[in-house]
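Encoded as structure tokens, the structure appears first; notes follow it.
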Amino acid sequence: MTVFPTLTGMSFTVNKGPSWNTITKQAASGRQVRVSLQSSPIWKFKLAFEYLRDRSAATSDVQNLWAFFNSVNGQFGEFYFLDPYDNAVSAQHIGVGDGATTSFQLNRTVGGNTAYPWVEAVYGVVGAPEVFVNGVPAAATLGQLGVITFATAPASGAVISWTGQFMFLCHFTQDDVQPSQMVAGLWSLDGLTFESLLP
């Protein structure tokens, strides 16, 4: 699993927001027809780094950034990003057993304390998730893209939930990255953009 590296000097602010893709057609009468092309939003990120160290090859943030960017071939490759401010769930409901289904997609709720919470799939997990059936810890295998599988299907009506950390599956939206050197051994980068993926 390729994970965006931890680099010192990242600004406190992370620009982030959801983006949808909607086709809008307007008739001569003025009436509109709208069609949504996505079932979930694409999350767009922009990171800035007030400084990136480059005092030695062993601790060079700027060289680590270059190496990571090159390892995924710019926009081409995929990676996971651990958002420092949005990365965990606790007792997150993911489904109800029917006595036959053994696999369930992990998810997370955005705005759980509002009147209109939004639930979306989780594709990357940090470590092993804690899985519960009716609030009791249960064994499940974590597969690709956040799918867990039980050896035996949970009973009909059993509530399935999980606790743990998640990451966003992303790709860069730029094919170049050009930090600026401030002084010897220190660089800065005012913008690095990437967005989440829908597998």
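The chains in the structure tokens are called A, B, ... from first to last as shown; in each chain the residues are counted from 1, and the ligands are counted from 1 in the order shown.
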
Would you tabulate, counting only C-alpha atoms, all residues of region 71-168 of chain A that have an atom at most 12 Å from an atom of region 7-19 of chain A, showing the closest pair of atoms and their distance in Å to one decimal, sorted by chain then ascending number, as JSON lines?
{"residue": "A:Leu82", "atom": "CA", "partner": "A:Val14", "partner_atom": "CA", "distance": 11.9}
{"residue": "A:Asp83", "atom": "CA", "partner": "A:Val14", "partner_atom": "CA", "distance": 8.7}
{"residue": "A:Pro84", "atom": "CA", "partner": "A:Val14", "partner_atom": "CA", "distance": 9.0}
{"residue": "A:Tyr85", "atom": "CA", "partner": "A:Val14", "partner_atom": "CA", "distance": 8.7}
{"residue": "A:Asp86", "atom": "CA", "partner": "A:Lys16", "partner_atom": "CA", "distance": 10.4}
{"residue": "A:Val110", "atom": "CA", "partner": "A:Pro18", "partner_atom": "CA", "distance": 11.0}
{"residue": "A:Trp118", "atom": "CA", "partner": "A:Pro18", "partner_atom": "CA", "distance": 11.6}
{"residue": "A:Glu120", "atom": "CA", "partner": "A:Pro18", "partner_atom": "CA", "distance": 11.7}
{"residue": "A:Phe168", "atom": "CA", "partner": "A:Lys16", "partner_atom": "CA", "distance": 11.9}

Return as a PDB file with C-alpha atoms, in the first residue's frame the full set of residues in chain A whose backbone-based DSSP assignment is helix (DSSP H, G or I).
ATOM      1  CA  ALA A  57      19.803  12.965   2.209  1.00  0.00           C
ATOM      2  CA  ALA A  58      18.617  10.909   5.198  1.00  0.00           C
ATOM      3  CA  THR A  59      16.164  13.555   6.440  1.00  0.00           C
ATOM      4  CA  ASP A  61      11.609  16.250   3.081  1.00  0.00           C
ATOM      5  CA  VAL A  62      11.910  17.742  -0.375  1.00  0.00           C
ATOM      6  CA  GLN A  63      13.707  14.670  -1.734  1.00  0.00           C
ATOM      7  CA  ASN A  64      11.157  12.382  -0.061  1.00  0.00           C
ATOM      8  CA  LEU A  65       8.400  14.360  -1.770  1.00  0.00           C
ATOM      9  CA  TRP A  66      10.122  14.141  -5.143  1.00  0.00           C
ATOM     10  CA  ALA A  67      10.740  10.416  -4.694  1.00  0.00           C
ATOM     11  CA  PHE A  68       7.117   9.759  -3.737  1.00  0.00           C
ATOM     12  CA  PHE A  69       5.755  11.873  -6.592  1.00  0.00           C
ATOM     13  CA  ASN A  70       7.991  10.041  -9.059  1.00  0.00           C
ATOM     14  CA  SER A  71       7.101   6.615  -7.613  1.00  0.00           C
ATOM     15  CA  GLN A 144      -9.031  -5.001  -0.798  1.00  0.00           C
ATOM     16  CA  LEU A 145     -10.699  -1.590  -0.874  1.00  0.00           C
ATOM     17  CA  GLY A 146     -12.154  -1.814   2.618  1.00  0.00           C
TER      18      GLY A 146
END

Write out as CSV the residues of region 89-180 of chain A that have any atom within 9 Å of an atom of region 76-79 of chain A, one row each with the nearest atom pair and its distance in Å to one decimal, counting only C-alpha atoms, sorted by chain and then rising number.
residue,atom,partner,partner_atom,distance
A:Phe168,CA,A:Phe79,CA,8.3
A:Leu169,CA,A:Phe79,CA,5.9
A:Cys170,CA,A:Phe79,CA,5.4
A:His171,CA,A:Glu78,CA,4.8
A:Phe172,CA,A:Phe76,CA,7.7
A:Asp175,CA,A:Phe76,CA,8.4

Output file for the selection above: N, CA and C atoms, as a PDB file, in the first residue's frame:
ATOM      1  N   PHE A 168      -7.972   8.074   2.453  1.00  0.00           N
ATOM      2  CA  PHE A 168      -8.598   8.352   1.172  1.00  0.00           C
ATOM      3  C   PHE A 168      -7.735   7.786   0.044  1.00  0.00           C
ATOM      4  N   LEU A 169      -8.346   7.054  -0.879  1.00  0.00           N
ATOM      5  CA  LEU A 169      -7.661   6.572  -2.078  1.00  0.00           C
ATOM      6  C   LEU A 169      -7.614   7.730  -3.068  1.00  0.00           C
ATOM      7  N   CYS A 170      -6.396   8.127  -3.494  1.00  0.00           N
ATOM      8  CA  CYS A 170      -6.234   9.365  -4.260  1.00  0.00           C
ATOM      9  C   CYS A 170      -5.304   9.209  -5.450  1.00  0.00           C
ATOM     10  N   HIS A 171      -5.281  10.257  -6.255  1.00  0.00           N
ATOM     11  CA  HIS A 171      -4.248  10.435  -7.288  1.00  0.00           C
ATOM     12  C   HIS A 171      -3.971  11.929  -7.417  1.00  0.00           C
ATOM     13  N   PHE A 172      -2.748  12.272  -7.813  1.00  0.00           N
ATOM     14  CA  PHE A 172      -2.398  13.678  -8.011  1.00  0.00           C
ATOM     15  C   PHE A 172      -3.161  14.238  -9.203  1.00  0.00           C
ATOM     16  N   ASP A 175       1.071  16.906 -12.947  1.00  0.00           N
ATOM     17  CA  ASP A 175       2.189  16.062 -13.376  1.00  0.00           C
ATOM     18  C   ASP A 175       3.540  16.669 -13.053  1.00  0.00           C
TER      19      ASP A 175
END

**OP:** Could you give me, as an MDAnalysis selection string, the residues within 8 Å of Gly185 (chain A), counting only C-alpha atoms and dropping anything in the same chain fewer than 2 positions from it?
**Re:** chainID A and resid 53:55 181 183 187

Original post:
So which residues touch Ser180 (chain A) within 10 Å, counting only C-alpha atoms, skipping near sequence neighbours fewer than 2 positions away, as JSON, numbers by chain?
Top reply: {"A": [51, 52, 62, 177, 178, 182, 183, 186, 187, 188, 189, 190]}

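With only C-alpha atoms as the atoms that count, the residue of A:Phe49, A:Tyr116, A:Trp43, A:Trp20 with the shortest distance to Pro179 (chain A) is A:Phe49.
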
Subject >> strand (DSSP E or B) call set, DSSP backbone run, region 44-80 of chain A, as a list in words >> reply: Lys44, Phe45, Lys46, Leu47, Ala48, Phe49, Glu50, Tyr51, Leu52, Arg53, Phe79 and Tyr80 of chain A

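Atom pair CA of Asn107 (chain A) / CA of Gln75 (chain A): separated by 25.8 Å.
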
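Residue nearest Ala128 (chain A) within the list A:Gly143, A:Gly111, A:Gly99, A:Gly30: A:Gly143 [criterion: smallest interatomic distance, only C-alpha atoms].
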